[in-house]
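Here the structure is laid out as C-alpha cells; the discussion comes afterwards.
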Amino acid sequence: MLTVVVFLPVVAGVLLLATPRLPDAVLRWCLVAVTAVELVLVMVLWADFPGAAGYRFEARVPWMPSIGVSYHVGLDGLALPLVAMTAVLFLACAVYSLRETRRVRAYVALLLFLETTAVGLFAALDLILFFLFFDLSIVGMYFVIAGWGHRDHRRAALQFFLYTFIGSLALLLGFIGLYLAADPHTFDIADLTASRPLDGAPLAGALVLLAVTVGLAIKTPLVPFHTWLPPAHTEAPAAGSALLAGVLLKMGTYGFVRIAMPVLPAAWRQYTVVFVVVGVVSVLYGALVALAQTDFKRMIAYTSVNHMGYIALAIGTAGIIAGNDAQARQLAVTGAVTQMVSHGLITGALFLLAGVFYDRARTYDMSSYSGLAGTAPRFAGLTAVGAFASLGLPGFSGFIAEFQIFTGSLGAQPVATALAVLGILVTAALFLLALQRVFLGQQRLPAYVPTFGDLRVAEFVAVAPLLSLALLIGVLPRFLLDTIERGAGAVVELVAR
Amino acid sequence: MTSGIAAQGPYFLAASPLPAEGIAQHAWLLIALPAFGAAVLLLGGRRTNAWGHLLGCATVLAAFGYGLALFLSAGAFGEAARVRELSLFSWIPVNALQVDFGLRLDPLSLVFVLLVTGVGALIHIYSIGYMAHDPNRRKFFAYLNLFVAAMLLLVLGNSFVSLYFGWEGVGLASYLLIAFWHHRPAAATAAKKAFLMNRVGDVGLALAIFIMFAQLGTTQYTEVFARAGEFSSAQLVALTLLILLGAAGKSGQFPLQAWLPDAMEGPTPVSALIHAATMVTAGVYLIARANPIYNLTADGRLAVMAIGAITLLLGAIIGCAYDDFKKVLAYSTVSQIGYMILAVGLGPFGYALGIMHLLTHGFFKAGLFLGAGSVMHGMNDEGNIRRLGGLWRYMPITFATWGLAYLALIGFPGLSGFFSKDAIIEAAFGQAGWRGWVFGGAALLGAGITAFYMTRLMLMVFFGKERWRELRTEDGREYHPHESPLVMTVPMILLALGSVGAGFFFAQGHRLTGYLAPSLGGLQEAHGPLPALAITGLTITLVALGALVAWLVVGRRPVPVERPERVSLPVRAARADLYANAVNETLVARTGTWLARALVFLDNRGVDGLVNGIAALLGGSSSRLRRLQTGFVRSYALSMLGGSVLVIAALMVVRFA
C-alpha cells in the first residue's frame, strides 16, 4: 500500500508523458486528479494508523544485497504527518498550476516526479533509498527552477543545484561511514538505529555526524549554509517555491530526527549545543535579514531560515539530557515536527500568494505597490491571514509548534530560548511592515500595470485550504499531535540511550 | 468587609474549583456567539451587507443576556460566589504539556463578561449610527465581534495559555480596527505600531508562561496558583516582572505607552470599546488574575506600583498639552489605567480596588469617547478642540451625558470615579513608610492634574466662544453642529447612568470587593498616617484647584484658534509626549534597522562571498564556474565526477583510519 502511495505519482507522470496528443487542459486536470487521489490514499493510511509506536505499512525487499541495501519503507508518527502535508501541498500546487501554459506536459510530469521523491524520502527506512530520493528531488527542483523560473533563473537553478548537491555528497559520505562501521555492514536505518555502530567511537562518530549535519543543514537551510535559498526562491515559479519551501526544506530537518539523532545518539548528545547555537542564530539572523528585504519573495525566503531555526533549537535541546526531563525533550521534538508541518502549509500558501504579484505585475518589489487592499481585498485578506499565521498568532498551527518548542527548551536552555523568543518580535515587525507597504495606504501600482486584479478562483481554491488547515491545527491540534507525539517520544528515548 | 474572608488570605484560591453546573455548562456560548457573528460576516462577504450590523449587535446582546443570566444564577452579589470551571476539550495534549481548553467562571471573570458584553453591546448599537455612511460597515461589525470573542476568551480562559490566545486575539482585532480606514497612512502606521509595541509585552508574557511550565509543568490557573510556593524567589521576581511587561504593553503603561494615543486613528467606537473600556484594561486583569504569584513577592509588587505611579503622572501631564479631543482622552486612559496598575500593585490591599476603578472607568471613559464621537459626528469630524467651543446649546444630550462622565472621571463627590479613585488614593497612603507618602502623593497629585486637563477639555469644547463660526473645514464647508440620532444618544445616556451610579452601587457595603474575594482574596485595609477623611478632603481640594486653574487658563480668557508655539519648556516636552517616541525611535527602531542592514551586508558580502569563493576555488577559477552553466548535463556530469572522487577518497580514509 505504501509503495503504491510512493510510486503512484511518478507512474502517472510517465503515463502522461507517453500518451500522445493530450491537450494542455486535460494534462493540468490530470495533475489535479492524480494529486487528489494521492491525498485520498494518504488519508486512508492515516485512518489506518494505530496508536502504538513503531513503523507501520512496512515493506522490505532486498535490492542490492551484496552491500546491504534494501528497498525498505515504513511510516511512523514523524513521517506520516509530513507525507500528509506533502500530499496536501502538491494538490494545492496542482490547483494553482491550472493556469500554467508553458510546456505543460513536462511540467506536469516533473511535479509528479517530485511528489514521488518527497513521499519516498519521508517513507524511506534505508540510507541509500533516502539518499536516492534526496538527490532526485534536487534534480527535479533544478529543472523546475531552470525551466519555469523567471529572470535570472538559470543561474539561480545552478547555484541551487551545486550547493545542495555538494551537501548531498557530504550526506553520502556520512552514510558510507555508518555503513562501514556497522557490523554486519548495512544501510538499513532501523538496523542502524538498533545497533548505533558509532557510539563507541567518539572521533568517527563526530566526523560522521559532521558530514551528515553539513548535508542536512544545507538543505534545511541553517545559517551559514542558507545563501542558495533566497535566489532560488526569487527566481522559481510560484508552485516551485511553495514546494521548495514546504516540502524540500523539510527533507533536511526530517533527516535530523530520522537519521542523525537515533543513529548517532552519543555524538548527538556531545555536540548538541552546536544545534542550539545554530538554531538561535538562524532564528534571529533570518528574521533580521528578512526585515530589511524589499522583495516580497526574498523576505518570505528568509523567514524560512528563521522558522527552521526554531526546529534546530528544539532538536538541539532534545540532546541535552542533564537538567532536562524527558517530557520537556519530547515536547520540544513534537514541536519541531509540528513546525515542519505548519511551515509547509503556511509558507507554501505565502509563496503561492507571492506568485500573484508576479502574475499581475512582473515584480516582487514591495516598493512598487501600495494600497492593494482597496482593489484586491481577497488577496489582501488571505495574505494577511498567512502573515499572521506565520508570525505565530495563537489560533494557527505556527503558534502550537513554537509554543511547544519554547516551553520544551526553556528549562534546559533559558538564555538561548529567551533570545529565540525575540524572533517572534522581529517576525511580527517584518510581516506588519510588508502588509503596510503593499496593502495599506493610497493605492499605487507600477506604471505599466493598469489594474491589479483580485484572486482568481484557482488561486483562491489553492491557497485558502492551506490556511484553513493551519487554522484547524491551531484550534484543534489533537489529531496531529497525538500522531507526532509517539514518534517524538521514540526519538527522545533513542537519543537518551 | 468580614474579617473571615481576609483571614483566609492569599491561599484561599488554592481550593479546587467546582465543576460548572446547570446554565453554566453552556458558558462556551459566550465566546461562540460573537465568534459566530464574526465568521458569518467575514465569510458571507457582501451578501451580508444589508443586515450585517444587526447580526453583529444581536450576537453581543445575546452574549450579554447570557452573561447576565449566568451572573444571576450564581447568586449575583448576594450569597458567597464560587469558582467554577467548565472543561471543554484538550487543546495541546503532549505528554507533559496538557493544556486543557476550559473556562473559569468566577467573580473576576463574570464582572469582565458583564463589562465587555454590556459596554460592548452599547457601543455596537452606537456604531450603527456612527458608521452608517461607511461602505465597509459590515466588515467593521465583523471585526468588533471578533474583538468581543477574543476578549471573552481572554477573561474566561482557565489557563495562562488560553489567556495568551485571547490576548493575541484582541491584539489582532485592535490592529484590524485601528487600520480600518486603511487608505490613511497614519492609520496604517498606528496599527503597526500598536501591534508591535504590544508584541514587546507579549514576549514578556510568553516567557513568563514558559517559566511556569518549566518549573511546574502546567499552566492551568488552578495548579499554578496552588503550587505558586514552589517557585524560587528569583523565579518569582522574574515572573512578576515579565507579567508586568506584558501588562504594560497591552495597557499602555510606561515604557510602552506610546502606541495608545496613536491608536486614536481608528474609528471612535473602537477607541471607546477597545482603547478605553476593555482591551487596554487587560493588563490590570492579568495582574489581578495572577494575584497568588504577586502575593508572594513584595519586590514584584513594588515594581508594579512604581510603573503605575509613573504612568498615571506621565499620562496626566501629557494630557494637559494636547489639542486633539481624542488624544487628550487617550492620555487620560493611560493615566487612569496607571491608577488601576498602582492599585493592583498594592497587593491584597488593592486588587479589588483596581478592578472597581476598571469597571467605573469602563462606564465613564466609554461615555466620554462616545460623546467625543458624537461631537465629531456633528462637526464634520473636527477633532481639534481649539476649533470647537460653545457646543452645549447645539448638542444638549451629548453635553449632558459627557458632562456627567466628566464629573465622574475627575472624582466629583458622589459620582462613580469619586468612590473608586478615592479608595485607591487612600490605600496607596496606607503603605508603610516612604511608599505610602510617595505613591499616595503621586495618586493625589494625579487627581489634581486630571481635573485640570479634563476641565480644560470641557471648557474648550462645550463652553466659551463658538470659534467654529468663522472657520471652514479643510474642504471649505461650514460647520453645522447638530445632535446625533437616537441610536447614538441612547447608549450615551445609559453609559452616563453608569457613570453616575456605578461607583456608589459597587462601594456600598463593600459590595464589589466582597463579591470578588473568591477570586482575589479578601480586601485588606491598612491605615496610614493620615485619616481617611483627611485624604478625601485633600483629594477634593486638589480636584477643585485643578478645575479652577483650568478655568483661569482657558475659561476666563479667549482661546486662540492657532496653537501658541512660543511656550515654556515643560509644555514643549509634554507636547512631544515627554520624548517617549523619540526614545523609542532611537533605541528600538533605528537600532533594529541598523542591525538588519548590517546583517544584510554581511549576508551578501560575507557569507555568500565566502561560499562563492570556495566554489570558485573548487572549480579552479570563476571563469570555469561560469562555463559550467552552459549546459546542464555537462555540469551534472562534472559534479558527479567530482563527487565520486570525494566519495572514494573518503572511503579510503575511513577504511585505513
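In the C-alpha cells, each chain is lettered A, B, ... as it comes, each chain's residues begin at 1, and ligands are numbered from 1 in order of appearance.
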Got a sec: who's within 7 Å of stretch 312-322 of chain A, counting only C-alpha atoms, leaving out chain neighbours fewer than 3 positions off, as a ChimeraX atom specification?
/A:268-269,272-273,275-276,279-280,308-309,329,332-333,336,405,409,412,492,495-496
Saved selection, atoms kept: C-alpha atoms, as an mmCIF file, in the first residue's frame:
data_model
loop_
_atom_site.group_PDB
_atom_site.id
_atom_site.type_symbol
_atom_site.label_atom_id
_atom_site.label_comp_id
_atom_site.auth_asym_id
_atom_site.auth_seq_id
_atom_site.Cartn_x
_atom_site.Cartn_y
_atom_site.Cartn_z
ATOM 1 C CA TRP A 268 24.379 14.000 19.089
ATOM 2 C CA ARG A 269 24.441 14.395 22.848
ATOM 3 C CA THR A 272 24.014 19.144 20.714
ATOM 4 C CA VAL A 273 24.887 22.653 21.866
ATOM 5 C CA PHE A 275 22.473 22.904 17.136
ATOM 6 C CA VAL A 276 21.108 25.120 19.872
ATOM 7 C CA GLY A 279 19.260 27.412 15.786
ATOM 8 C CA VAL A 280 19.207 30.647 17.742
ATOM 9 C CA MET A 308 13.873 26.336 10.543
ATOM 10 C CA GLY A 309 15.992 27.841 13.300
ATOM 11 C CA ARG A 329 12.549 16.999 25.442
ATOM 12 C CA ALA A 332 10.462 20.107 22.024
ATOM 13 C CA VAL A 333 10.707 17.340 19.405
ATOM 14 C CA ALA A 336 9.811 20.606 15.903
ATOM 15 C CA ILE A 405 9.393 24.315 21.186
ATOM 16 C CA SER A 409 13.503 24.275 25.555
ATOM 17 C CA ALA A 412 17.375 23.332 29.651
ATOM 18 C CA VAL A 492 13.815 11.186 22.594
ATOM 19 C CA VAL A 495 18.810 9.877 21.848
ATOM 20 C CA ALA A 496 18.974 9.298 25.573
#
Measuring between only C-alpha atoms, which one of A:Ser368, A:Ser168, A:Thr186, A:Gln330 shows the shortest distance to A:Gly487?
A:Gln330
Name the residues in contact with A:Asp135 at a cut-off of 9 Å, using only C-alpha atoms, excluding same-chain residues fewer than 6 positions from it; report them as a list in words.
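Contacts, with the query itself left out: Thr117, Thr164, Phe165 and Ser168 of chain A.
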With 7 Å as the cut-off and only C-alpha atoms counted, what is the closest atom pair between each nearby residue of chain A and chain B? Distances in Å to one decimal, ordered by chain and number, as CSV.
residue,atom,partner,partner_atom,distance
A:Leu158,CA,B:Gln629,CA,6.9
A:Leu169,CA,B:Gly643,CA,6.2
A:Leu173,CA,B:Val647,CA,6.1
A:Gly177,CA,B:Val654,CA,6.9
A:Pro224,CA,B:Val607,CA,6.7
A:Thr227,CA,B:Asp608,CA,5.8
A:Leu288,CA,B:Ala596,CA,4.8
A:Val289,CA,B:Ala596,CA,5.3
A:Leu291,CA,B:Ala596,CA,6.5
A:Ala292,CA,B:Ala596,CA,5.6
A:Gln327,CA,B:Ala96,CA,5.3
A:Ala328,CA,B:Ala96,CA,6.9
A:Leu331,CA,B:Val94,CA,6.5
A:Gly371,CA,B:His183,CA,6.5
A:Leu393,CA,B:Glu168,CA,6.6
A:Pro394,CA,B:Phe165,CA,5.2
A:Phe406,CA,B:Phe210,CA,6.8
A:Thr407,CA,B:Phe210,CA,4.9
A:Leu410,CA,B:Phe210,CA,6.5
A:Gly411,CA,B:Ala214,CA,5.1
A:Val421,CA,B:Val203,CA,6.6
A:Leu422,CA,B:Val203,CA,6.9
A:Leu425,CA,B:Arg199,CA,6.1
A:Ala428,CA,B:Leu196,CA,6.8
A:Ala429,CA,B:Leu196,CA,6.4
A:Leu432,CA,B:Lys192,CA,6.0
A:Gln436,CA,B:Ala188,CA,6.2
A:Leu440,CA,B:His182,CA,5.2
A:Gly441,CA,B:His183,CA,4.1
A:Gln442,CA,B:His183,CA,5.1
A:Leu476,CA,B:Trp91,CA,6.3
A:Pro477,CA,B:Ile92,CA,6.6
A:Arg478,CA,B:Ile92,CA,6.5
A:Leu481,CA,B:Val94,CA,6.8
A:Glu485,CA,B:Val94,CA,6.4
Please produce an output containing C-alpha atoms for each residue in the selection, written as a tab-separated table (two decimals), in the first residue's frame.
chain	number	residue	atom	x	y	z
A	158	LEU	CA	22.56	26.07	-10.98
A	169	LEU	CA	27.66	14.34	-1.24
A	173	LEU	CA	29.94	10.37	2.87
A	177	GLY	CA	30.81	5.94	7.22
A	224	PRO	CA	25.56	29.92	7.39
A	227	THR	CA	22.70	31.58	0.79
A	288	LEU	CA	16.53	40.43	10.90
A	289	VAL	CA	17.71	39.94	7.33
A	291	LEU	CA	13.20	42.60	7.98
A	292	ALA	CA	15.49	44.52	5.63
A	327	GLN	CA	8.92	15.14	28.96
A	328	ALA	CA	10.31	18.55	28.10
A	331	LEU	CA	7.67	18.35	23.91
A	371	GLY	CA	-2.85	50.23	-1.03
A	393	LEU	CA	-0.59	34.21	16.19
A	394	PRO	CA	-2.43	31.83	18.52
A	406	PHE	CA	9.81	27.20	23.61
A	407	THR	CA	8.21	25.52	26.60
A	410	LEU	CA	13.30	26.88	28.29
A	411	GLY	CA	14.13	24.58	31.17
A	421	VAL	CA	11.61	34.25	21.63
A	422	LEU	CA	12.78	37.67	20.44
A	425	LEU	CA	9.00	40.14	17.77
A	428	ALA	CA	5.87	40.44	13.63
A	429	ALA	CA	7.71	43.60	12.63
A	432	LEU	CA	3.41	44.08	9.50
A	436	GLN	CA	1.58	48.11	5.44
A	440	LEU	CA	-2.42	49.79	3.17
A	441	GLY	CA	-2.26	53.47	2.31
A	442	GLN	CA	-3.12	55.13	-1.00
A	476	LEU	CA	-7.86	21.55	17.31
A	477	PRO	CA	-4.32	20.20	17.02
A	478	ARG	CA	-5.03	16.98	18.80
A	481	LEU	CA	-0.17	15.97	17.99
A	485	GLU	CA	3.85	12.53	19.95
Near B:Cys320, within 7 Å and counting only C-alpha atoms, which residues show up once chain neighbours fewer than 3 positions away are dropped, as a list of chain:residue names?
B:Ala316, B:Ile317, B:Tyr453
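When DSSP is run on the backbone, the residues of stretch 123-340 of chain B that fall into strand (DSSP E or B) are Gly157, Ser159, Gln220 and Asp324 of chain B.
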Just-selected residues, N, CA, C and O atoms written as a short mmCIF file (atom, residue, chain, number, x, y, z; two decimals), in the first residue's frame:
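In the end it all went to again_16.cif:
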data_model
loop_
_atom_site.label_atom_id
_atom_site.label_comp_id
_atom_site.auth_asym_id
_atom_site.auth_seq_id
_atom_site.Cartn_x
_atom_site.Cartn_y
_atom_site.Cartn_z
N GLY B 157 -10.75 32.19 29.94
CA GLY B 157 -9.87 31.04 29.86
C GLY B 157 -9.40 30.59 31.24
O GLY B 157 -9.29 31.40 32.16
N SER B 159 -6.51 28.89 31.78
CA SER B 159 -5.06 28.70 31.88
C SER B 159 -4.38 29.92 31.28
O SER B 159 -5.00 30.70 30.58
N GLN B 220 -2.25 25.70 33.91
CA GLN B 220 -3.64 25.90 34.35
C GLN B 220 -3.65 26.75 35.61
O GLN B 220 -2.82 26.55 36.51
N ASP B 324 -5.98 67.72 20.62
CA ASP B 324 -6.82 66.78 19.89
C ASP B 324 -7.76 66.10 20.88
O ASP B 324 -7.32 65.50 21.86
#
